[in-house]
>>> print(open('start.pdb').read())   # PDB, N, CA and C atoms and all ligand atoms
MODEL        1
ATOM      1  N   MET X  15     -33.237   0.099   3.603
ATOM      2  CA  MET X  15     -32.315   1.040   4.253
ATOM      3  C   MET X  15     -31.092   1.268   3.363
ATOM      4  N   THR X  16     -30.751   2.539   3.147
ATOM      5  CA  THR X  16     -29.551   2.829   2.343
ATOM      6  C   THR X  16     -28.432   3.311   3.262
ATOM      7  N   VAL X  17     -27.223   2.937   2.903
ATOM      8  CA  VAL X  17     -26.051   3.348   3.683
ATOM      9  C   VAL X  17     -25.182   4.222   2.794
ATOM     10  N   ASP X  18     -24.811   5.421   3.287
ATOM     11  CA  ASP X  18     -23.933   6.288   2.499
ATOM     12  C   ASP X  18     -22.554   5.644   2.381
ATOM     13  N   PRO X  19     -21.984   5.602   1.179
ATOM     14  CA  PRO X  19     -20.646   5.024   1.044
ATOM     15  C   PRO X  19     -19.617   5.879   1.779
ATOM     16  N   LEU X  20     -18.568   5.256   2.262
ATOM     17  CA  LEU X  20     -17.515   5.965   2.999
ATOM     18  C   LEU X  20     -16.693   6.864   2.090
ATOM     19  N   PHE X  21     -16.639   6.528   0.793
ATOM     20  CA  PHE X  21     -15.757   7.275  -0.094
ATOM     21  C   PHE X  21     -16.386   7.377  -1.475
ATOM     22  N   ASP X  22     -15.951   8.403  -2.242
ATOM     23  CA  ASP X  22     -16.467   8.614  -3.594
ATOM     24  C   ASP X  22     -15.607   7.934  -4.648
ATOM     25  N   TYR X  23     -14.321   7.892  -4.393
ATOM     26  CA  TYR X  23     -13.379   7.317  -5.359
ATOM     27  C   TYR X  23     -12.507   6.290  -4.653
ATOM     28  N   GLN X  24     -12.057   5.329  -5.413
ATOM     29  CA  GLN X  24     -11.189   4.305  -4.847
ATOM     30  C   GLN X  24     -10.014   4.074  -5.805
ATOM     31  N   PHE X  25      -8.817   4.244  -5.300
ATOM     32  CA  PHE X  25      -7.617   3.998  -6.101
ATOM     33  C   PHE X  25      -6.863   2.829  -5.501
ATOM     34  N   ARG X  26      -6.492   1.881  -6.330
ATOM     35  CA  ARG X  26      -5.735   0.728  -5.842
ATOM     36  C   ARG X  26      -4.407   0.658  -6.593
ATOM     37  N   LEU X  27      -3.344   0.632  -5.839
ATOM     38  CA  LEU X  27      -2.007   0.627  -6.426
ATOM     39  C   LEU X  27      -1.217  -0.561  -5.921
ATOM     40  N   ILE X  28      -0.335  -1.055  -6.755
ATOM     41  CA  ILE X  28       0.556  -2.134  -6.323
ATOM     42  C   ILE X  28       1.986  -1.596  -6.355
ATOM     43  N   LEU X  29       2.733  -1.898  -5.322
ATOM     44  CA  LEU X  29       4.126  -1.450  -5.203
ATOM     45  C   LEU X  29       5.004  -2.689  -5.138
ATOM     46  N   ILE X  30       5.926  -2.817  -6.082
ATOM     47  CA  ILE X  30       6.818  -3.986  -6.111
ATOM     48  C   ILE X  30       8.253  -3.479  -6.153
ATOM     49  N   GLY X  31       9.134  -4.072  -5.358
ATOM     50  CA  GLY X  31      10.527  -3.643  -5.400
ATOM     51  C   GLY X  31      11.420  -4.598  -4.652
ATOM     52  N   ASP X  32      12.729  -4.389  -4.760
ATOM     53  CA  ASP X  32      13.686  -5.236  -4.063
ATOM     54  C   ASP X  32      13.412  -5.207  -2.565
ATOM     55  N   SER X  33      13.850  -6.262  -1.898
ATOM     56  CA  SER X  33      13.664  -6.375  -0.463
ATOM     57  C   SER X  33      14.457  -5.292   0.265
ATOM     58  N   THR X  34      13.938  -4.820   1.352
ATOM     59  CA  THR X  34      14.553  -3.856   2.287
ATOM     60  C   THR X  34      14.859  -2.478   1.674
ATOM     61  N   VAL X  35      14.168  -2.117   0.602
ATOM     62  CA  VAL X  35      14.381  -0.769   0.059
ATOM     63  C   VAL X  35      13.482   0.261   0.750
ATOM     64  N   GLY X  36      12.527  -0.226   1.581
ATOM     65  CA  GLY X  36      11.692   0.697   2.347
ATOM     66  C   GLY X  36      10.245   0.781   1.885
ATOM     67  N   LYS X  37       9.763  -0.215   1.162
ATOM     68  CA  LYS X  37       8.375  -0.177   0.652
ATOM     69  C   LYS X  37       7.372  -0.151   1.802
ATOM     70  N   SER X  38       7.523  -1.110   2.733
ATOM     71  CA  SER X  38       6.575  -1.174   3.852
ATOM     72  C   SER X  38       6.659   0.093   4.694
ATOM     73  N   SER X  39       7.890   0.586   4.913
ATOM     74  CA  SER X  39       8.075   1.789   5.733
ATOM     75  C   SER X  39       7.396   2.988   5.091
ATOM     76  N   LEU X  40       7.542   3.111   3.784
ATOM     77  CA  LEU X  40       6.925   4.231   3.054
ATOM     78  C   LEU X  40       5.405   4.198   3.208
ATOM     79  N   LEU X  41       4.818   3.004   3.035
ATOM     80  CA  LEU X  41       3.361   2.898   3.118
ATOM     81  C   LEU X  41       2.866   3.043   4.547
ATOM     82  N   LYS X  42       3.654   2.557   5.513
ATOM     83  CA  LYS X  42       3.261   2.727   6.915
ATOM     84  C   LYS X  42       3.240   4.213   7.262
ATOM     85  N   TYR X  43       4.238   4.935   6.765
ATOM     86  CA  TYR X  43       4.279   6.375   7.048
ATOM     87  C   TYR X  43       3.101   7.086   6.372
ATOM     88  N   PHE X  44       2.789   6.672   5.151
ATOM     89  CA  PHE X  44       1.676   7.294   4.421
ATOM     90  C   PHE X  44       0.346   7.039   5.118
ATOM     91  N   THR X  45       0.188   5.842   5.696
ATOM     92  CA  THR X  45      -1.107   5.504   6.294
ATOM     93  C   THR X  45      -1.184   5.836   7.784
ATOM     94  N   ASP X  46      -0.061   5.674   8.533
ATOM     95  CA  ASP X  46      -0.078   5.875   9.993
ATOM     96  C   ASP X  46       0.673   7.124  10.435
ATOM     97  N   GLY X  47       1.511   7.673   9.555
ATOM     98  CA  GLY X  47       2.344   8.801   9.936
ATOM     99  C   GLY X  47       3.478   8.398  10.871
ATOM    100  N   LYS X  48       3.796   7.085  10.893
ATOM    101  CA  LYS X  48       4.835   6.602  11.808
ATOM    102  C   LYS X  48       5.930   5.876  11.032
ATOM    103  N   PHE X  49       7.159   5.972  11.560
ATOM    104  CA  PHE X  49       8.279   5.231  10.971
ATOM    105  C   PHE X  49       8.771   4.211  11.982
ATOM    106  N   ALA X  50       8.885   2.954  11.580
ATOM    107  CA  ALA X  50       9.362   1.902  12.477
ATOM    108  C   ALA X  50      10.816   1.578  12.153
ATOM    109  N   GLU X  51      11.690   1.669  13.168
ATOM    110  CA  GLU X  51      13.109   1.341  12.974
ATOM    111  C   GLU X  51      13.259  -0.127  12.593
ATOM    112  N   ILE X  52      12.430  -0.977  13.227
ATOM    113  CA  ILE X  52      12.480  -2.413  12.940
ATOM    114  C   ILE X  52      11.216  -2.782  12.180
ATOM    115  N   SER X  53      11.416  -3.328  10.990
ATOM    116  CA  SER X  53      10.285  -3.661  10.135
ATOM    117  C   SER X  53      10.370  -5.141   9.768
ATOM    118  N   ASP X  54       9.297  -5.883  10.026
ATOM    119  CA  ASP X  54       9.294  -7.308   9.691
ATOM    120  C   ASP X  54       9.278  -7.477   8.175
ATOM    121  N   PRO X  55       9.994  -8.500   7.673
ATOM    122  CA  PRO X  55       9.956  -8.718   6.223
ATOM    123  C   PRO X  55       8.541  -9.065   5.769
ATOM    124  N   THR X  56       8.171  -8.549   4.605
ATOM    125  CA  THR X  56       6.835  -8.826   4.076
ATOM    126  C   THR X  56       6.798 -10.238   3.492
ATOM    127  N   VAL X  57       5.816 -10.995   3.903
ATOM    128  CA  VAL X  57       5.629 -12.334   3.338
ATOM    129  C   VAL X  57       4.429 -12.248   2.398
ATOM    130  N   GLY X  58       4.695 -12.433   1.101
ATOM    131  CA  GLY X  58       3.605 -12.377   0.118
ATOM    132  C   GLY X  58       3.131 -10.960  -0.107
ATOM    133  N   VAL X  59       1.937 -10.656   0.357
ATOM    134  CA  VAL X  59       1.332  -9.354   0.087
ATOM    135  C   VAL X  59       0.944  -8.674   1.385
ATOM    136  N   ASP X  60       1.166  -7.396   1.455
ATOM    137  CA  ASP X  60       0.748  -6.605   2.603
ATOM    138  C   ASP X  60      -0.275  -5.595   2.098
ATOM    139  N   PHE X  61      -0.993  -5.010   2.996
ATOM    140  CA  PHE X  61      -2.118  -4.170   2.599
ATOM    141  C   PHE X  61      -2.191  -2.946   3.502
ATOM    142  N   PHE X  62      -2.222  -1.780   2.900
ATOM    143  CA  PHE X  62      -2.333  -0.532   3.657
ATOM    144  C   PHE X  62      -3.452   0.294   3.049
ATOM    145  N   ALA X  63      -4.183   0.999   3.866
ATOM    146  CA  ALA X  63      -5.272   1.817   3.330
ATOM    147  C   ALA X  63      -5.352   3.130   4.100
ATOM    148  N   ARG X  64      -5.745   4.165   3.408
ATOM    149  CA  ARG X  64      -5.907   5.469   4.063
ATOM    150  C   ARG X  64      -7.082   6.209   3.425
ATOM    151  N   LEU X  65      -7.878   6.770   4.272
ATOM    152  CA  LEU X  65      -9.005   7.573   3.812
ATOM    153  C   LEU X  65      -8.555   9.025   3.793
ATOM    154  N   VAL X  66      -8.618   9.654   2.645
ATOM    155  CA  VAL X  66      -8.131  11.028   2.502
ATOM    156  C   VAL X  66      -9.313  11.951   2.251
ATOM    157  N   THR X  67      -9.364  13.052   2.975
ATOM    158  CA  THR X  67     -10.420  14.040   2.741
ATOM    159  C   THR X  67      -9.882  15.111   1.807
ATOM    160  N   MET X  68     -10.542  15.266   0.664
ATOM    161  CA  MET X  68     -10.090  16.252  -0.314
ATOM    162  C   MET X  68     -10.618  17.632   0.094
ATOM    163  N   ARG X  69     -10.073  18.673  -0.531
ATOM    164  CA  ARG X  69     -10.442  20.045  -0.187
ATOM    165  C   ARG X  69     -11.945  20.307  -0.412
ATOM    166  N   ASP X  70     -12.500  19.679  -1.448
ATOM    167  CA  ASP X  70     -13.923  19.904  -1.744
ATOM    168  C   ASP X  70     -14.830  18.980  -0.931
ATOM    169  N   GLY X  71     -14.251  18.265   0.006
ATOM    170  CA  GLY X  71     -15.050  17.427   0.885
ATOM    171  C   GLY X  71     -15.230  16.008   0.387
ATOM    172  N   ALA X  72     -14.783  15.723  -0.828
ATOM    173  CA  ALA X  72     -14.922  14.368  -1.352
ATOM    174  C   ALA X  72     -13.945  13.440  -0.644
ATOM    175  N   PHE X  73     -14.301  12.227  -0.530
ATOM    176  CA  PHE X  73     -13.422  11.263   0.113
ATOM    177  C   PHE X  73     -12.708  10.405  -0.913
ATOM    178  N   LEU X  74     -11.516  10.065  -0.608
ATOM    179  CA  LEU X  74     -10.709   9.232  -1.489
ATOM    180  C   LEU X  74     -10.179   8.070  -0.650
ATOM    181  N   PHE X  75     -10.404   6.862  -1.063
ATOM    182  CA  PHE X  75      -9.947   5.714  -0.300
ATOM    183  C   PHE X  75      -8.819   5.043  -1.052
ATOM    184  N   CYS X  76      -7.656   4.956  -0.456
ATOM    185  CA  CYS X  76      -6.509   4.374  -1.139
ATOM    186  C   CYS X  76      -6.265   2.945  -0.660
ATOM    187  N   PHE X  77      -6.188   2.062  -1.560
ATOM    188  CA  PHE X  77      -5.797   0.686  -1.243
ATOM    189  C   PHE X  77      -4.371   0.523  -1.734
ATOM    190  N   LEU X  78      -3.480   0.147  -0.895
ATOM    191  CA  LEU X  78      -2.100   0.022  -1.315
ATOM    192  C   LEU X  78      -1.628  -1.402  -1.105
ATOM    193  N   PHE X  79      -1.332  -2.065  -2.164
ATOM    194  CA  PHE X  79      -0.847  -3.436  -2.072
ATOM    195  C   PHE X  79       0.661  -3.400  -2.169
ATOM    196  N   ILE X  80       1.284  -4.244  -1.446
ATOM    197  CA  ILE X  80       2.736  -4.305  -1.509
ATOM    198  C   ILE X  80       3.132  -5.769  -1.604
ATOM    199  N   SER X  81       4.154  -6.038  -2.362
ATOM    200  CA  SER X  81       4.519  -7.445  -2.497
ATOM    201  C   SER X  81       6.017  -7.603  -2.297
ATOM    202  N   THR X  82       6.472  -8.819  -2.184
ATOM    203  CA  THR X  82       7.895  -9.089  -2.040
ATOM    204  C   THR X  82       8.598  -8.778  -3.355
ATOM    205  N   ALA X  83       9.925  -8.797  -3.352
ATOM    206  CA  ALA X  83      10.681  -8.404  -4.542
ATOM    207  C   ALA X  83      10.404  -9.307  -5.734
ATOM    208  N   TYR X  84      10.245 -10.600  -5.477
ATOM    209  CA  TYR X  84      10.045 -11.530  -6.585
ATOM    210  C   TYR X  84       8.757 -12.338  -6.360
ATOM    211  N   PRO X  85       7.601 -11.677  -6.522
ATOM    212  CA  PRO X  85       6.347 -12.389  -6.277
ATOM    213  C   PRO X  85       6.075 -13.421  -7.362
ATOM    214  N   ALA X  86       5.307 -14.437  -7.013
ATOM    215  CA  ALA X  86       4.931 -15.461  -7.984
ATOM    216  C   ALA X  86       4.158 -14.815  -9.127
ATOM    217  N   PRO X  87       4.416 -15.228 -10.390
ATOM    218  CA  PRO X  87       3.716 -14.625 -11.533
ATOM    219  C   PRO X  87       2.199 -14.673 -11.384
ATOM    220  N   SER X  88       1.674 -15.747 -10.787
ATOM    221  CA  SER X  88       0.212 -15.838 -10.629
ATOM    222  C   SER X  88      -0.285 -14.758  -9.665
ATOM    223  N   LEU X  89       0.525 -14.455  -8.645
ATOM    224  CA  LEU X  89       0.160 -13.402  -7.693
ATOM    225  C   LEU X  89       0.174 -12.046  -8.382
ATOM    226  N   VAL X  90       1.197 -11.815  -9.208
ATOM    227  CA  VAL X  90       1.301 -10.532  -9.915
ATOM    228  C   VAL X  90       0.102 -10.342 -10.837
ATOM    229  N   SER X  91      -0.275 -11.385 -11.585
ATOM    230  CA  SER X  91      -1.397 -11.196 -12.514
ATOM    231  C   SER X  91      -2.698 -11.004 -11.745
ATOM    232  N   PHE X  92      -2.842 -11.674 -10.592
ATOM    233  CA  PHE X  92      -4.034 -11.456  -9.772
ATOM    234  C   PHE X  92      -4.099 -10.003  -9.315
ATOM    235  N   LEU X  93      -2.968  -9.479  -8.814
ATOM    236  CA  LEU X  93      -2.948  -8.106  -8.321
ATOM    237  C   LEU X  93      -3.147  -7.109  -9.461
ATOM    238  N   GLN X  94      -2.520  -7.396 -10.620
ATOM    239  CA  GLN X  94      -2.647  -6.472 -11.752
ATOM    240  C   GLN X  94      -4.094  -6.355 -12.206
ATOM    241  N   ASN X  95      -4.852  -7.419 -12.037
ATOM    242  CA  ASN X  95      -6.265  -7.376 -12.409
ATOM    243  C   ASN X  95      -7.097  -6.639 -11.363
ATOM    244  N   SER X  96      -6.510  -6.383 -10.186
ATOM    245  CA  SER X  96      -7.267  -5.770  -9.100
ATOM    246  C   SER X  96      -6.927  -4.308  -8.867
ATOM    247  N   VAL X  97      -5.896  -3.810  -9.561
ATOM    248  CA  VAL X  97      -5.434  -2.457  -9.261
ATOM    249  C   VAL X  97      -5.501  -1.555 -10.486
ATOM    250  N   CYS X  98      -5.353  -0.225 -10.255
ATOM    251  CA  CYS X  98      -5.378   0.707 -11.371
ATOM    252  C   CYS X  98      -3.977   1.231 -11.660
ATOM    253  N   GLY X  99      -3.014   0.945 -10.794
ATOM    254  CA  GLY X  99      -1.667   1.440 -11.034
ATOM    255  C   GLY X  99      -0.632   0.540 -10.433
ATOM    256  N   GLU X 100       0.578   0.622 -10.998
ATOM    257  CA  GLU X 100       1.667  -0.248 -10.556
ATOM    258  C   GLU X 100       2.912   0.608 -10.416
ATOM    259  N   ILE X 101       3.607   0.476  -9.277
ATOM    260  CA  ILE X 101       4.841   1.266  -9.094
ATOM    261  C   ILE X 101       5.985   0.296  -8.877
TER     262      ILE X 101
HETATM  263  N1  LIG X 201      17.555   5.221   7.391
HETATM  264  C1  LIG X 201      16.422   4.818   6.794
HETATM  265  N2  LIG X 201      16.034   3.553   6.980
HETATM  266  C2  LIG X 201      14.898   3.170   6.370
HETATM  267  C3  LIG X 201      14.143   4.034   5.537
HETATM  268  N3  LIG X 201      13.070   3.352   5.049
HETATM  269  C4  LIG X 201      13.157   2.118   5.577
HETATM  270  N4  LIG X 201      14.248   1.978   6.366
HETATM  271  C5  LIG X 201      14.687   0.790   7.109
HETATM  272  O1  LIG X 201      15.037  -0.199   6.156
HETATM  273  C6  LIG X 201      14.627  -1.491   6.608
HETATM  274  C7  LIG X 201      13.764  -2.168   5.552
HETATM  275  O2  LIG X 201      12.544  -1.425   5.391
HETATM  276  P1  LIG X 201      11.204  -2.101   4.888
HETATM  277  O3  LIG X 201      10.181  -1.021   4.864
HETATM  278  O4  LIG X 201      10.893  -3.320   5.696
HETATM  279  O5  LIG X 201      11.588  -2.545   3.404
HETATM  280  P2  LIG X 201      10.764  -3.436   2.353
HETATM  281  O6  LIG X 201      11.370  -4.811   2.393
HETATM  282  O7  LIG X 201      11.010  -2.772   1.018
HETATM  283  O8  LIG X 201       9.305  -3.438   2.732
HETATM  284  C8  LIG X 201      13.885  -1.290   7.941
HETATM  285  O9  LIG X 201      14.778  -1.600   9.002
HETATM  286  C9  LIG X 201      13.560   0.186   7.947
HETATM  287  O10 LIG X 201      13.533   0.699   9.268
HETATM  288  C10 LIG X 201      14.610   5.382   5.356
HETATM  289  O11 LIG X 201      14.031   6.196   4.646
HETATM  290  N5  LIG X 201      15.761   5.705   6.020
HETATM  291 MG    MG X 202       8.030  -5.027   3.266
ENDMDL
END
>>> encode(input="start.pdb", output="structure tokens")
Amino acid sequence: MTVDPLFDYQFRLILIGDSTVGKSSLLKYFTDGKFAEISDPTVGVDFFARLVTMRDGAFLFCFLFISTAYPAPSLVSFLQNSVCGEI
């Protein structure tokens, strides 16, 4: 039995920045379309994903990793090996 994949392309990005600059809020809005006035501090790594339908019908699956302002170097190298872009 074959199963059609949910998406044709997969992009994985890591977002790193100072605490409380709005990283989680930005990604929550991108994935849920909602803004939360109260946002819990991110502990370690958070994960957001959104399935986007392109104009030609192709699917794009976004994996968005987010980390605290000063993540452990081992965590950063693990994430860097897992993603295609870093912001
Ligand atoms: N006024 C305003 N507040 C924001 C904005 N983005 C985030 N915040 C608030 O700033 C605080 C920290 O946001 P958060 O997303 O948790 O920051 P993070 O630590 O970078 O993930 C939260 O209370 C948010 O509600 C924005 O664009 N405008
Ligand atoms: Mg956060």
>>> closest_residue(input="start.pdb", among="X:Ile28, X:Val66, X:Val57, X:Cys76", to="ligand MG 202 (chain X)", atoms="only C-alpha atoms and all ligand atoms")
X:Val57
>>> residues_near_ligand(input="start.pdb", ligand="ligand MG 202 (chain X)", cutoff="7 Å", atoms="only N, CA and C atoms and all ligand atoms", output="PyMOL selection string")
chain X and resi 33-34+36-39+53-57+80-82
>>> atom_distance(input="start.pdb", atom1="atom CA of Leu27 of chain X", atom2="atom C of Leu93 of chain X")
8.4 Å
>>> atom_distance(input="start.pdb", atom1="atom C of Ile30 of chain X", atom2="atom CA of Ala72 of chain X")
29.6 Å
>>> residues_near_point(input="start.pdb", point="(-4.0, 3.4, -0.4)", cutoff="10 Å", atoms="only C-alpha atoms", output="compact mmCIF listing (two decimals) with N, CA and C atoms, keeping the file's coordinate frame")
# COMPACT_ATOMS: atom_id res chain seq x y z
N GLN X 24 -12.06 5.33 -5.41
CA GLN X 24 -11.19 4.30 -4.85
C GLN X 24 -10.01 4.07 -5.80
N PHE X 25 -8.82 4.24 -5.30
CA PHE X 25 -7.62 4.00 -6.10
C PHE X 25 -6.86 2.83 -5.50
N ARG X 26 -6.49 1.88 -6.33
CA ARG X 26 -5.74 0.73 -5.84
C ARG X 26 -4.41 0.66 -6.59
N LEU X 27 -3.34 0.63 -5.84
CA LEU X 27 -2.01 0.63 -6.43
C LEU X 27 -1.22 -0.56 -5.92
N ILE X 28 -0.34 -1.06 -6.76
CA ILE X 28 0.56 -2.13 -6.32
C ILE X 28 1.99 -1.60 -6.36
N LEU X 41 4.82 3.00 3.04
CA LEU X 41 3.36 2.90 3.12
C LEU X 41 2.87 3.04 4.55
N PHE X 44 2.79 6.67 5.15
CA PHE X 44 1.68 7.29 4.42
C PHE X 44 0.35 7.04 5.12
N THR X 45 0.19 5.84 5.70
CA THR X 45 -1.11 5.50 6.29
C THR X 45 -1.18 5.84 7.78
N PHE X 61 -0.99 -5.01 3.00
CA PHE X 61 -2.12 -4.17 2.60
C PHE X 61 -2.19 -2.95 3.50
N PHE X 62 -2.22 -1.78 2.90
CA PHE X 62 -2.33 -0.53 3.66
C PHE X 62 -3.45 0.29 3.05
N ALA X 63 -4.18 1.00 3.87
CA ALA X 63 -5.27 1.82 3.33
C ALA X 63 -5.35 3.13 4.10
N ARG X 64 -5.74 4.16 3.41
CA ARG X 64 -5.91 5.47 4.06
C ARG X 64 -7.08 6.21 3.42
N LEU X 65 -7.88 6.77 4.27
CA LEU X 65 -9.01 7.57 3.81
C LEU X 65 -8.56 9.02 3.79
N VAL X 66 -8.62 9.65 2.64
CA VAL X 66 -8.13 11.03 2.50
C VAL X 66 -9.31 11.95 2.25
N LEU X 74 -11.52 10.06 -0.61
CA LEU X 74 -10.71 9.23 -1.49
C LEU X 74 -10.18 8.07 -0.65
N PHE X 75 -10.40 6.86 -1.06
CA PHE X 75 -9.95 5.71 -0.30
C PHE X 75 -8.82 5.04 -1.05
N CYS X 76 -7.66 4.96 -0.46
CA CYS X 76 -6.51 4.37 -1.14
C CYS X 76 -6.26 2.94 -0.66
N PHE X 77 -6.19 2.06 -1.56
CA PHE X 77 -5.80 0.69 -1.24
C PHE X 77 -4.37 0.52 -1.73
N LEU X 78 -3.48 0.15 -0.90
CA LEU X 78 -2.10 0.02 -1.32
C LEU X 78 -1.63 -1.40 -1.10
N PHE X 79 -1.33 -2.06 -2.16
CA PHE X 79 -0.85 -3.44 -2.07
C PHE X 79 0.66 -3.40 -2.17
>>> closest_residue(input="start.pdb", among="X:Met68, X:Leu40, X:Asp60, X:Ala50", to="Phe21 of chain X", atoms="only C-alpha atoms")
X:Met68
>>> atom_distance(input="start.pdb", atom1="atom O10 of ligand LIG 201 (chain X)", atom2="atom CA of Phe49 of chain X")
7.1 Å
>>> select_by_dssp(input="start.pdb", residues="segment 43-73 of chain X", states="strand (DSSP E or B)", output="ChimeraX atom specification")
/X:59-67,73
>>> axis_aligned_box(input="start.pdb", around="segment 61-67 of chain X", padding_each_side="6 Å", output="JSON")
{"center_x": -5.7, "center_y": 5.1, "center_z": 3.0, "size_x": 21.4, "size_y": 32.1, "size_z": 14.5}
>>> select_by_dssp(input="start.pdb", residues="chain X", states="helix (DSSP H, G or I)", output="ChimeraX atom specification")
/X:37-46,87-94
>>> write_last_selection(input="start.pdb", atoms="N, CA and C atoms", output="mmCIF file, in the frame of the given file")
data_model
loop_
_atom_site.group_PDB
_atom_site.id
_atom_site.type_symbol
_atom_site.label_atom_id
_atom_site.label_comp_id
_atom_site.auth_asym_id
_atom_site.auth_seq_id
_atom_site.Cartn_x
_atom_site.Cartn_y
_atom_site.Cartn_z
ATOM 1 N N LYS X 37 9.763 -0.215 1.162
ATOM 2 C CA LYS X 37 8.375 -0.177 0.652
ATOM 3 C C LYS X 37 7.372 -0.151 1.802
ATOM 4 N N SER X 38 7.523 -1.110 2.733
ATOM 5 C CA SER X 38 6.575 -1.174 3.852
ATOM 6 C C SER X 38 6.659 0.093 4.694
ATOM 7 N N SER X 39 7.890 0.586 4.913
ATOM 8 C CA SER X 39 8.075 1.789 5.733
ATOM 9 C C SER X 39 7.396 2.988 5.091
ATOM 10 N N LEU X 40 7.542 3.111 3.784
ATOM 11 C CA LEU X 40 6.925 4.231 3.054
ATOM 12 C C LEU X 40 5.405 4.198 3.208
ATOM 13 N N LEU X 41 4.818 3.004 3.035
ATOM 14 C CA LEU X 41 3.361 2.898 3.118
ATOM 15 C C LEU X 41 2.866 3.043 4.547
ATOM 16 N N LYS X 42 3.654 2.557 5.513
ATOM 17 C CA LYS X 42 3.261 2.727 6.915
ATOM 18 C C LYS X 42 3.240 4.213 7.262
ATOM 19 N N TYR X 43 4.238 4.935 6.765
ATOM 20 C CA TYR X 43 4.279 6.375 7.048
ATOM 21 C C TYR X 43 3.101 7.086 6.372
ATOM 22 N N PHE X 44 2.789 6.672 5.151
ATOM 23 C CA PHE X 44 1.676 7.294 4.421
ATOM 24 C C PHE X 44 0.346 7.039 5.118
ATOM 25 N N THR X 45 0.188 5.842 5.696
ATOM 26 C CA THR X 45 -1.107 5.504 6.294
ATOM 27 C C THR X 45 -1.184 5.836 7.784
ATOM 28 N N ASP X 46 -0.061 5.674 8.533
ATOM 29 C CA ASP X 46 -0.078 5.875 9.993
ATOM 30 C C ASP X 46 0.673 7.124 10.435
ATOM 31 N N PRO X 87 4.416 -15.228 -10.390
ATOM 32 C CA PRO X 87 3.716 -14.625 -11.533
ATOM 33 C C PRO X 87 2.199 -14.673 -11.384
ATOM 34 N N SER X 88 1.674 -15.747 -10.787
ATOM 35 C CA SER X 88 0.212 -15.838 -10.629
ATOM 36 C C SER X 88 -0.285 -14.758 -9.665
ATOM 37 N N LEU X 89 0.525 -14.455 -8.645
ATOM 38 C CA LEU X 89 0.160 -13.402 -7.693
ATOM 39 C C LEU X 89 0.174 -12.046 -8.382
ATOM 40 N N VAL X 90 1.197 -11.815 -9.208
ATOM 41 C CA VAL X 90 1.301 -10.532 -9.915
ATOM 42 C C VAL X 90 0.102 -10.342 -10.837
ATOM 43 N N SER X 91 -0.275 -11.385 -11.585
ATOM 44 C CA SER X 91 -1.397 -11.196 -12.514
ATOM 45 C C SER X 91 -2.698 -11.004 -11.745
ATOM 46 N N PHE X 92 -2.842 -11.674 -10.592
ATOM 47 C CA PHE X 92 -4.034 -11.456 -9.772
ATOM 48 C C PHE X 92 -4.099 -10.003 -9.315
ATOM 49 N N LEU X 93 -2.968 -9.479 -8.814
ATOM 50 C CA LEU X 93 -2.948 -8.106 -8.321
ATOM 51 C C LEU X 93 -3.147 -7.109 -9.461
ATOM 52 N N GLN X 94 -2.520 -7.396 -10.620
ATOM 53 C CA GLN X 94 -2.647 -6.472 -11.752
ATOM 54 C C GLN X 94 -4.094 -6.355 -12.206
#
>>> residues_around(input="start.pdb", residues="Ala86 of chain X", least_positions_apart="4", cutoff="9 Å", atoms="only C-alpha atoms", output="VMD selection string")
chain X and resid 58 90 to 91
